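*Asks:* First the structure, then my questions, so here it is.
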Amino acid sequence: MLRRLFQRQPSLPNQTVAVDQARYVVFDTELTGLDRKQDTLVSIGAVRMQGRRILLGETFYTLVNPQRTLTSDNVKIHQILPSELVDQPLVEAVLQQFLAFIGDDILVGHFVHIDIAMIERVLGRKLPNRQIDTARYYDWLERNRRQFLGASDTGPIPTVLFDIVAKFDIPLPGAHNALVDAYLTAQIWQRLLVDLPDFGLSKVKDLKL
Amino acid sequence: MIQQITIDFLRKHAPYDLLGDSELTLIAKTASLDFFPSETRIYTQENSKAESLYLIQKGCVRMTAQDANGQDILMDMRSEGESFGILSLLNLGTALMTVTTLEDTLCYLIPKNTVQTLMQNQRFSEYFLRGSTQRYLMRTLNEMRQSRQRGEGSLQTAPDRLIFTTAVRHLVKRQLVWCVPDTSIRQAAQMMAKHKIGSIIVALQDHASAPVQPLGIVTDTDLRNKVIAEGHDAGLPIRGIMTSPVKTIDGDQLAFEALLRMINASIHSLLVVDGNHGNAVLGMVTQHDLILLQSNSPLIVSKQLRRDASVADLAKTLNSAHQFIPLMVKEGVNPGGVGRVVAEVNDQVLSRLLSMAERTLGAPPLPYCWVVLGSEGRKEQTFKTDQDNGLIYADPNDEAQAEAASAYFERFASWVNDALIQCGFPRCPGNYMASNPRWRQPLSQWRKTYLTWINTPEPTDVMNATIFFDMRPAGGDESLVEALLAEVLPRAQRAGRFMGHLARLAVQNTPPVGFFRSFLLESTGPHKGAFDIKKRGVMPLTDAIRLYAIANGVRATNTLERLEDLRKADVLASEQIDEMKDTLEFLALLRLKHQVEQAANGEKPDNFINPNELSSVERSTLRETFQVISNTQADLSDRYRGFMNSAV
């Protein structure tokens, strides 16, 4: 146990780095379904951020051969045809590349625990990286804003990615896949990073909602 | 995918649309996207080193530069698809301006290395070289050409031309800071820090009253590149790192020439010398000074006014806008031009206030027109003066609507009058304001008021009438004013007694030419010894010309425009009109110069000119102008003698 902790230590980002200076990898996956035990990945898209800056050239995107037949529901959601996936790398290889891409950056995603759980199940181990759920941070900030800043908005706080995108008036690209969703999530995180320090979350170590 | 989104955006905006696929891909691969909340300083003048070119994906920024007093002056605004930061990136390393977001703003940041590669594309780099410092030179050149073709001095954009009319010597602000060649680098740097300057002249002087002989120059960049980067000893003499000889420019050259030289030589300062006096050193001029010359352009001010969200914001912008008046006067822009620029700016403020009032109080129940009166109506206002305004609204259809309109416009007028006060236009002492129910009426009521003045004029009514016959729509439905004047003007023309009163008024104030060709001066009161240039110079002529205009159905309100219309209508001899125009121009200029000087000294501008403050040429010209006024009055008395007698 101690040894594992010790091994993980170097891969944690410096706890005292300011949240708008830290490195993040914002990602999204598409899955064959939401069953943690049976389902697997269809694609992964990720983009890196240095503080609030989205590094547009540092992206990761790949399709995965899920080695099973996709249900028609799934095909509708992702608009990825089973024939497109046959020639794609297998999930284990993809995840190795993905791990190399993320390094020890902080992982950010919308309802990120779903994606992480799937990745960890396939890997058969936990990811050491710090994890941030934009849905959760958005909700937390919005509640604080309403309570302490007397924001007049009283409606329900949105949780769906596209509703939050609309709230921030983020331009919506025409196409949609895991990488585009990661890009949109990154732009949400970019906005949240502006306000976090005002509510006391100014260092990486504070990011533990 | 993300790259494609970036490339799609780039393709839509100049000059990126000039780039090929590989160049676009290079940007998409190396750029980042940053977000800046509203009112964030993206970088600040002088203190920031530019690392990227910024391309606005969404939002808007304002670019400001500090003048000598540390005041922020608005230079430009950029919005979606526009870039900034290129100059700092290529030329100088440090930012020339401070860039602040006006709203939440997303920017693509294109790193320096990428930009350097892109600049190898000639069309792309030409766009930027033309597009930054030189952009306004081009714009201004075009403006000048166009105005020459139109055969008029382009008054609206007068400040944009300062760069072509200002001699470099006038831009030299402070005394030259220099040091002898043996000064240590550290001491020289300390002097630069103390005086807050980016370069220092190395020079020799034989004795205290001898001319300074410049040998070389040392800039911030020299300190960085030759001293710090190379580990050069700061205790060594400055002459070891100076650049020699210093690039100079004759003080009589135009600012434009100075700027071109700086751009061509990639330097940001020039030593100004006096060619008429053995190249004696006058001081330094920097790119920054030249850029400031461009500031406060009415163009930029009007851009800002359209964005200001509150009365307080408008007041601030308006205040900065009024700073360009002295500059225009100094550079010889004629007063007519100044008046029109001021009217334009004031009208924009008013139109913003009217829409704010409508938003605050709800939509108006009936169409209305906000009118400005007197000098504002004639577009002859220069410094902020008292409010003179009124409100005309369409005739209500029934009693209920009449009541609703009356209540609404009462609140509306007070709101706008108060906001104007906040913007620095004081309450009118004569209460010629829309908040006064007398000057806030439905159209039919206004008609009655005018007709009473015209048909049964009392002397005080006629005084009122002069202000109201200079009425000009400034916001809302102009057709209401059209309708009113179309009806009342022809009636005034035929109303002998009314015209008689106007004529009497026009000759009532005579120019102050006394015996022995001396001035008739104010003999009592706080302005004893001075003369009132407005009352005894400008107003008699303005009154006379108004009379001629009304009598001949001329609808213009601006005095110079009235004169031109009278010329077309062949009412007055062309030479007479020229004389009157020259006179008005001269009086207005004298008055403006006087007021600018007062404002510069922190005094409240007034109309009382002391003959001692005039040059002998000005004094003799003034005497001639008084002769023109006397002649005009005599002529007017002749023409309207019949009317004047009927008005007794």
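Letters A, B, ... mark the chains of the structure tokens in the order given; residue numbers begin at 1 per chain; ligand numbers begin at 1, in order shown.
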Give me the residues near region 94-111 of chain A as a list in words, where near means some atom within 6 Å (using only C-alpha atoms) and where sequence neighbours in that chain fewer than 4 positions away do not count.

*Replies:*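 Returned residues: Ser11, Arg23, Tyr24, Val25, Val26, Phe27, Asn129, Arg130, Gln131, Ile132, Asp133, Thr134 and Ala135 of chain A.
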
*Asks:* Excluding Gln21 (chain A) and residues on its chain fewer than 6 positions from it, collect all residues at most 8 Å away from it, counting only C-alpha atoms, and give them as number ranges by chain.

*Replies:* A: 50-52

*Asks:* If the cut-off is 6 Å, can you tell me the residues of chain A near chain B, counting only C-alpha atoms? I'd like them as a list in words.

*Replies:*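 Those within range of chain B come out as Arg52, Arg53, Ile54, Leu55, Leu56 and Gly57 of chain A.
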
*Asks:* How would the residues just picked look written out with C-alpha atoms as an mmCIF file, in the first residue's frame?

*Replies:*
data_model
loop_
_atom_site.group_PDB
_atom_site.id
_atom_site.type_symbol
_atom_site.label_atom_id
_atom_site.label_comp_id
_atom_site.auth_asym_id
_atom_site.auth_seq_id
_atom_site.Cartn_x
_atom_site.Cartn_y
_atom_site.Cartn_z
ATOM 1 C CA ARG A 52 -7.374 28.632 -19.336
ATOM 2 C CA ARG A 53 -5.716 28.212 -22.704
ATOM 3 C CA ILE A 54 -7.011 25.418 -24.863
ATOM 4 C CA LEU A 55 -4.042 24.098 -26.853
ATOM 5 C CA LEU A 56 -5.752 23.525 -30.147
ATOM 6 C CA GLY A 57 -2.967 21.435 -31.647
#

*Asks:* For Pro211 (chain B), work out the shell of residues within 12 Å, counting only C-alpha atoms and skipping chain neighbours fewer than 6 positions away, then give it as a PyMOL selection string.

*Replies:* chain B and resi 203-205+273-274+277-282

*Asks:* Can you list, as a count of residues only, every protein, DNA or RNA residue that comes within 8 Å of Leu141 (chain A) when you count only C-alpha atoms, leaving out same-chain residues fewer than 4 positions away?

*Replies:* 6

*Asks:* Report, in Å to a single decimal, how far apart CA of Gln187 (chain B) and CA of Ile217 (chain B) are.

*Replies:*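 These two atoms are separated by 14.6 Å.
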
*Asks:* For Ala117 (chain A), which of A:Leu172, A:Ala93, A:Leu34, A:Val160 is the closest residue, counting only C-alpha atoms?

*Replies:*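 So, comparing all the options, the nearest one is A:Leu34.
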
*Asks:* Give me the residues near Asn177 (chain A) as JSON, numbers by chain, where near means some atom within 9 Å (using only C-alpha atoms) and where sequence neighbours in that chain fewer than 2 positions away do not count.

*Replies:* {"A": [28, 29, 30, 43, 44, 45, 78, 79, 175, 179, 180, 181, 182], "B": [1]}

*Asks:* Looking at only C-alpha atoms, which of B:Ile228, B:Val488, B:Ala573, B:Val628 is the one that sits closest to Pro540 (chain B)?

*Replies:* B:Val628

*Asks:* Please provide as a list of chain:residue names all residues within 8 Å of region 493-504 of chain B, with the sequence filter that same-chain residues fewer than 6 positions apart are discarded (counting only C-alpha atoms).

*Replies:*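 Listed by chain and then number, they are B:Trp453, B:Ile454, B:Asn455, B:Thr456, B:Pro457, B:Pro459, B:Val462, B:Thr466, B:Asp543, B:Ala544, B:Leu547, B:Ile550, B:Ala551, B:Asn552, B:Gly553, B:Leu636, B:Ser637, B:Tyr640, B:Arg641, B:Gly642, B:Phe643, B:Met644, B:Asn645, B:Ser646, B:Ala647.
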
*Asks:* Would you put the residues from that selection into a file with C-alpha atoms, as a PDB file, in the first residue's frame?

*Replies:*
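Final output, part-v7.pdb:
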ATOM      1  CA  TRP B 453     -45.518  84.428 -31.394  1.00  0.00           C
ATOM      2  CA  ILE B 454     -45.978  85.195 -35.056  1.00  0.00           C
ATOM      3  CA  ASN B 455     -49.402  86.796 -34.987  1.00  0.00           C
ATOM      4  CA  THR B 456     -49.390  88.743 -31.741  1.00  0.00           C
ATOM      5  CA  PRO B 457     -45.730  89.129 -30.919  1.00  0.00           C
ATOM      6  CA  PRO B 459     -40.876  91.553 -27.467  1.00  0.00           C
ATOM      7  CA  VAL B 462     -39.641  87.257 -30.065  1.00  0.00           C
ATOM      8  CA  THR B 466     -35.257  83.245 -32.076  1.00  0.00           C
ATOM      9  CA  ASP B 543     -29.666  87.188 -35.686  1.00  0.00           C
ATOM     10  CA  ALA B 544     -29.453  89.052 -38.979  1.00  0.00           C
ATOM     11  CA  LEU B 547     -34.022  86.969 -40.183  1.00  0.00           C
ATOM     12  CA  ILE B 550     -36.959  83.136 -42.254  1.00  0.00           C
ATOM     13  CA  ALA B 551     -37.918  85.951 -44.608  1.00  0.00           C
ATOM     14  CA  ASN B 552     -36.827  83.902 -47.599  1.00  0.00           C
ATOM     15  CA  GLY B 553     -38.120  80.513 -46.551  1.00  0.00           C
ATOM     16  CA  LEU B 636     -31.022  95.078 -42.769  1.00  0.00           C
ATOM     17  CA  SER B 637     -32.507  98.269 -41.360  1.00  0.00           C
ATOM     18  CA  TYR B 640     -37.012  95.988 -43.152  1.00  0.00           C
ATOM     19  CA  ARG B 641     -37.650  99.605 -42.203  1.00  0.00           C
ATOM     20  CA  GLY B 642     -41.359  99.170 -42.973  1.00  0.00           C
ATOM     21  CA  PHE B 643     -41.659  96.084 -40.814  1.00  0.00           C
ATOM     22  CA  MET B 644     -39.630  97.623 -38.035  1.00  0.00           C
ATOM     23  CA  ASN B 645     -41.902 100.626 -37.879  1.00  0.00           C
ATOM     24  CA  SER B 646     -44.963  98.393 -37.760  1.00  0.00           C
ATOM     25  CA  ALA B 647     -43.447  96.552 -34.809  1.00  0.00           C
TER      26      ALA B 647
END

*Asks:* Counting only C-alpha atoms, which residue out of B:Leu18, B:Leu451, B:Met433, B:Ile609 sits closest to Gln387 (chain B)?

*Replies:*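 Comparing B:Leu18, B:Leu451, B:Met433, B:Ile609 against Gln387 (chain B), the winner is B:Met433.
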
*Asks:* Give me, as number ranges by chain, all polymer residues having an atom no more than 9 Å from Leu127 (chain A), counting only C-alpha atoms and skipping those fewer than 6 positions away in the same chain.

*Replies:* A: 116, 119-120
